[in-house]
Amino acid sequence: MKLTPTITKVMNKILGAKGNIIKVRFSVDGRNFEAYVPDDQKWLCVKDVLLNREYEYPPEFELKNFSGIIVDAGAHIGLFSLVASVFAEKVYAIEPHPINYNLLKANLIKNNVNNVITINKALWHKREKLKLYQGSNTSTHSIIHGGETYYEVESITLEDIFNILEDEGFRKIDLLKIDIEGAESRIFEGKDTNILTRIEKIVGEIHLGIVDIEPIIQKLRNSGFTYIFPHPPLCKKNSGYSVRLHGLVELKLLRNILYAIGRLAGLRDNDISILFARKKKESSQGKV
């Protein structure tokens, strides 16, 4: 019910997506933002980040809980990073696609956000040049799969990110968010527990049709993490802070109608899960 190509195409047609850039206005705890967004992302990023707030679904993953360092891998045009910037000391927004990256930079400048550091690279398990294949919409560009059109991009590793943090006096990542279109498992390849245990919490969109989740689970277990990975749609009901999307009434109505039908029919997107993982506390038992 989320990223399947047919539903996405239908929703974009209903919502009038024509390949334009639109302005999306929203507020986070009373702070106003205006972002440049490709119109094919009303049903995807705008809905998921600002309306459903799916990356914040468990209460302990609410962005207001993270006052330190947040790494946003697959930052796209920066909606998640903009919300995170209200609470975090610093956000490192990693986005390899050149057009998305330029919109990300423009959105930070437009909103006078100074605590988001942008990195125009792809998060990967080693440093190398990669082919970033053009996706069917602006949020599905991938280094794992695609057609003939691609950009050549550079990669960055978790080790590289920690080197950057150490140069600035930081030792850990409070929250690592990953939405990297099928490359999720590869970033954990060859990583020892010393790297992963320096991350407090991880949230990520896992593409089950592309990714084998078992190696990810095993790596997280070995590194002392507990986890859940529910399927979308995940719609956050209560929150310790407010995110309000202004305008886009047609999106809100369509989402409410479709999700009401989905709940009655018991529909969920079995091709995707949202991973929520946290370092196990000494007294904790079982999963999150």
# chains A, B, ... in the order shown; residues from 1 in each chain; ligands from 1
$ closest_atom_pairs --of "region 61-100 of chain A" --to "region 243-264 of chain A" --cutoff "12 Å" --atoms "only C-alpha atoms" --output "CSV"
residue,atom,partner,partner_atom,distance
A:Glu62,CA,A:Val243,CA,11.3
A:Leu63,CA,A:Val243,CA,10.9
A:Lys64,CA,A:Val243,CA,11.2
A:Leu79,CA,A:Val243,CA,11.5
A:Phe80,CA,A:Val243,CA,11.3
A:Leu82,CA,A:Val243,CA,11.3
A:Val83,CA,A:Val243,CA,8.3
A:Ala84,CA,A:Val243,CA,11.2
A:Val86,CA,A:Val243,CA,11.2
$ write_last_selection --atoms "C-alpha atoms" --output "compact mmCIF listing (two decimals), in the first residue's frame"
# COMPACT_ATOMS: atom_id res chain seq x y z
CA GLU A 62 10.57 10.67 18.05
CA LEU A 63 13.04 13.23 16.80
CA LYS A 64 12.58 15.41 19.88
CA LEU A 79 12.30 16.95 4.75
CA PHE A 80 13.48 14.58 7.50
CA LEU A 82 14.65 19.85 8.34
CA VAL A 83 12.45 18.36 11.07
CA ALA A 84 15.49 16.84 12.81
CA VAL A 86 14.88 21.63 15.23
$ select_by_dssp --residues "region 51-229 of chain A" --states "strand (DSSP E)" --output "ChimeraX atom specification"
/A:69-73,90-94,116-119,122-123,129-133,150-156,173-178,199-207,225-228
$ write_last_selection --atoms "C-alpha atoms" --output "PDB file, in the first residue's frame"
ATOM      1  CA  ILE A  69      24.035  13.764  16.234  1.00  0.00           C
ATOM      2  CA  ILE A  70      21.638  12.499  13.570  1.00  0.00           C
ATOM      3  CA  VAL A  71      22.822  10.997  10.280  1.00  0.00           C
ATOM      4  CA  ASP A  72      20.218  11.089   7.490  1.00  0.00           C
ATOM      5  CA  ALA A  73      21.397   8.698   4.753  1.00  0.00           C
ATOM      6  CA  LYS A  90      23.977  18.531  14.137  1.00  0.00           C
ATOM      7  CA  VAL A  91      22.434  16.588  11.272  1.00  0.00           C
ATOM      8  CA  TYR A  92      24.592  15.021   8.564  1.00  0.00           C
ATOM      9  CA  ALA A  93      22.439  14.729   5.428  1.00  0.00           C
ATOM     10  CA  ILE A  94      23.852  12.293   2.870  1.00  0.00           C
ATOM     11  CA  VAL A 116      22.676  20.451   8.837  1.00  0.00           C
ATOM     12  CA  ILE A 117      25.892  19.361   7.108  1.00  0.00           C
ATOM     13  CA  THR A 118      25.349  18.052   3.577  1.00  0.00           C
ATOM     14  CA  ILE A 119      27.387  15.285   1.927  1.00  0.00           C
ATOM     15  CA  ALA A 122      26.171   7.511  -1.341  1.00  0.00           C
ATOM     16  CA  LEU A 123      26.436   5.582   1.924  1.00  0.00           C
ATOM     17  CA  LYS A 129      32.729   5.206  -7.564  1.00  0.00           C
ATOM     18  CA  LEU A 130      29.215   3.882  -8.104  1.00  0.00           C
ATOM     19  CA  LYS A 131      26.483   4.032 -10.704  1.00  0.00           C
ATOM     20  CA  LEU A 132      23.355   5.686  -9.322  1.00  0.00           C
ATOM     21  CA  TYR A 133      20.496   4.527 -11.537  1.00  0.00           C
ATOM     22  CA  TYR A 150      22.648   6.667 -14.350  1.00  0.00           C
ATOM     23  CA  TYR A 151      24.922   9.171 -12.647  1.00  0.00           C
ATOM     24  CA  GLU A 152      28.421   8.322 -11.474  1.00  0.00           C
ATOM     25  CA  VAL A 153      28.720   9.150  -7.760  1.00  0.00           C
ATOM     26  CA  GLU A 154      31.238   8.718  -4.973  1.00  0.00           C
ATOM     27  CA  SER A 155      30.576   6.693  -1.832  1.00  0.00           C
ATOM     28  CA  ILE A 156      31.157   7.227   1.877  1.00  0.00           C
ATOM     29  CA  ILE A 173      25.676   8.784  16.385  1.00  0.00           C
ATOM     30  CA  ASP A 174      22.441   9.193  18.314  1.00  0.00           C
ATOM     31  CA  LEU A 175      20.247   8.246  15.354  1.00  0.00           C
ATOM     32  CA  LEU A 176      21.155   6.752  11.984  1.00  0.00           C
ATOM     33  CA  LYS A 177      18.297   6.968   9.482  1.00  0.00           C
ATOM     34  CA  ILE A 178      18.738   5.005   6.247  1.00  0.00           C
ATOM     35  CA  ILE A 199      25.274   4.102  17.108  1.00  0.00           C
ATOM     36  CA  GLU A 200      22.474   4.423  19.653  1.00  0.00           C
ATOM     37  CA  LYS A 201      19.454   3.897  17.374  1.00  0.00           C
ATOM     38  CA  ILE A 202      18.856   2.982  13.732  1.00  0.00           C
ATOM     39  CA  VAL A 203      15.717   3.483  11.667  1.00  0.00           C
ATOM     40  CA  GLY A 204      15.574   2.396   8.063  1.00  0.00           C
ATOM     41  CA  GLU A 205      13.314   1.499   5.187  1.00  0.00           C
ATOM     42  CA  ILE A 206      14.115  -2.071   4.152  1.00  0.00           C
ATOM     43  CA  HIS A 207      13.167  -3.169   0.625  1.00  0.00           C
ATOM     44  CA  PHE A 225      20.801  -4.277  19.297  1.00  0.00           C
ATOM     45  CA  THR A 226      17.150  -5.096  19.816  1.00  0.00           C
ATOM     46  CA  TYR A 227      14.757  -4.422  16.959  1.00  0.00           C
ATOM     47  CA  ILE A 228      11.335  -4.527  15.380  1.00  0.00           C
TER      48      ILE A 228
END
$ closest_residue --among "A:Asn194, A:Asn20, A:Thr8, A:Ser85" --to "Ser136 (chain A)" --atoms "only C-alpha atoms"
A:Thr8
$ decode --residues "region 83-121 of chain A" --atoms "N, CA and C atoms" --output "compact mmCIF listing (two decimals), in the first residue's frame"
# COMPACT_ATOMS: atom_id res chain seq x y z
N VAL A 83 13.12 18.61 9.79
CA VAL A 83 12.45 18.36 11.07
C VAL A 83 13.49 18.06 12.15
N ALA A 84 14.47 17.22 11.83
CA ALA A 84 15.49 16.84 12.81
C ALA A 84 16.31 18.04 13.27
N SER A 85 16.50 19.02 12.39
CA SER A 85 17.34 20.18 12.72
C SER A 85 16.79 20.99 13.88
N VAL A 86 15.49 20.88 14.13
CA VAL A 86 14.88 21.63 15.23
C VAL A 86 15.40 21.13 16.58
N PHE A 87 15.78 19.85 16.64
CA PHE A 87 16.13 19.24 17.92
C PHE A 87 17.60 18.85 18.04
N ALA A 88 18.24 18.44 16.95
CA ALA A 88 19.59 17.90 17.00
C ALA A 88 20.65 19.00 17.07
N GLU A 89 21.78 18.65 17.68
CA GLU A 89 22.92 19.57 17.64
C GLU A 89 23.44 19.69 16.22
N LYS A 90 23.59 18.53 15.54
CA LYS A 90 23.98 18.53 14.14
C LYS A 90 23.31 17.36 13.42
N VAL A 91 22.95 17.62 12.16
CA VAL A 91 22.43 16.59 11.27
C VAL A 91 23.37 16.49 10.08
N TYR A 92 23.77 15.26 9.75
CA TYR A 92 24.59 15.02 8.56
C TYR A 92 23.69 14.39 7.51
N ALA A 93 23.38 15.15 6.47
CA ALA A 93 22.44 14.73 5.43
C ALA A 93 23.23 14.23 4.22
N ILE A 94 23.09 12.94 3.94
CA ILE A 94 23.85 12.29 2.87
C ILE A 94 22.91 12.01 1.69
N GLU A 95 23.21 12.59 0.54
CA GLU A 95 22.36 12.41 -0.64
C GLU A 95 23.23 12.41 -1.90
N PRO A 96 23.24 11.31 -2.65
CA PRO A 96 24.13 11.22 -3.82
C PRO A 96 23.59 11.85 -5.10
N HIS A 97 22.26 11.90 -5.26
CA HIS A 97 21.71 12.36 -6.54
C HIS A 97 21.91 13.87 -6.69
N PRO A 98 22.48 14.32 -7.78
CA PRO A 98 22.83 15.75 -7.89
C PRO A 98 21.65 16.70 -7.85
N ILE A 99 20.53 16.34 -8.47
CA ILE A 99 19.36 17.23 -8.47
C ILE A 99 18.73 17.28 -7.08
N ASN A 100 18.52 16.10 -6.48
CA ASN A 100 18.00 16.08 -5.11
C ASN A 100 18.91 16.84 -4.16
N TYR A 101 20.23 16.68 -4.35
CA TYR A 101 21.19 17.34 -3.47
C TYR A 101 21.09 18.86 -3.59
N ASN A 102 20.92 19.35 -4.80
CA ASN A 102 20.79 20.80 -4.98
C ASN A 102 19.52 21.33 -4.32
N LEU A 103 18.42 20.55 -4.39
CA LEU A 103 17.20 20.95 -3.70
C LEU A 103 17.38 20.90 -2.19
N LEU A 104 18.10 19.90 -1.71
CA LEU A 104 18.43 19.80 -0.28
C LEU A 104 19.16 21.06 0.18
N LYS A 105 20.20 21.44 -0.57
CA LYS A 105 20.96 22.64 -0.21
C LYS A 105 20.07 23.89 -0.26
N ALA A 106 19.24 23.98 -1.29
CA ALA A 106 18.35 25.15 -1.43
C ALA A 106 17.37 25.23 -0.27
N ASN A 107 16.86 24.09 0.18
CA ASN A 107 15.90 24.08 1.29
C ASN A 107 16.55 24.51 2.60
N LEU A 108 17.79 24.15 2.80
CA LEU A 108 18.50 24.57 4.02
C LEU A 108 18.74 26.08 4.00
N ILE A 109 19.15 26.59 2.85
CA ILE A 109 19.39 28.03 2.73
C ILE A 109 18.09 28.81 2.89
N LYS A 110 17.03 28.35 2.24
CA LYS A 110 15.75 29.05 2.28
C LYS A 110 15.22 29.16 3.70
N ASN A 111 15.46 28.13 4.52
CA ASN A 111 14.94 28.10 5.88
C ASN A 111 15.97 28.51 6.93
N ASN A 112 17.10 29.01 6.46
CA ASN A 112 18.15 29.51 7.36
C ASN A 112 18.54 28.46 8.40
N VAL A 113 18.72 27.23 7.93
CA VAL A 113 19.12 26.12 8.80
C VAL A 113 20.64 25.97 8.71
N ASN A 114 21.31 26.10 9.84
CA ASN A 114 22.77 26.10 9.86
C ASN A 114 23.39 24.87 10.52
N ASN A 115 22.57 23.98 11.09
CA ASN A 115 23.14 22.83 11.79
C ASN A 115 22.97 21.52 11.02
N VAL A 116 22.72 21.63 9.70
CA VAL A 116 22.68 20.45 8.84
C VAL A 116 23.86 20.50 7.88
N ILE A 117 24.72 19.48 7.97
CA ILE A 117 25.89 19.36 7.11
C ILE A 117 25.55 18.42 5.96
N THR A 118 25.72 18.86 4.73
CA THR A 118 25.35 18.05 3.58
C THR A 118 26.57 17.34 3.00
N ILE A 119 26.34 16.11 2.52
CA ILE A 119 27.39 15.28 1.93
C ILE A 119 26.84 14.70 0.64
N ASN A 120 27.43 15.08 -0.49
CA ASN A 120 26.94 14.65 -1.80
C ASN A 120 27.60 13.31 -2.20
N LYS A 121 27.27 12.27 -1.44
CA LYS A 121 27.81 10.93 -1.69
C LYS A 121 26.75 9.89 -1.34
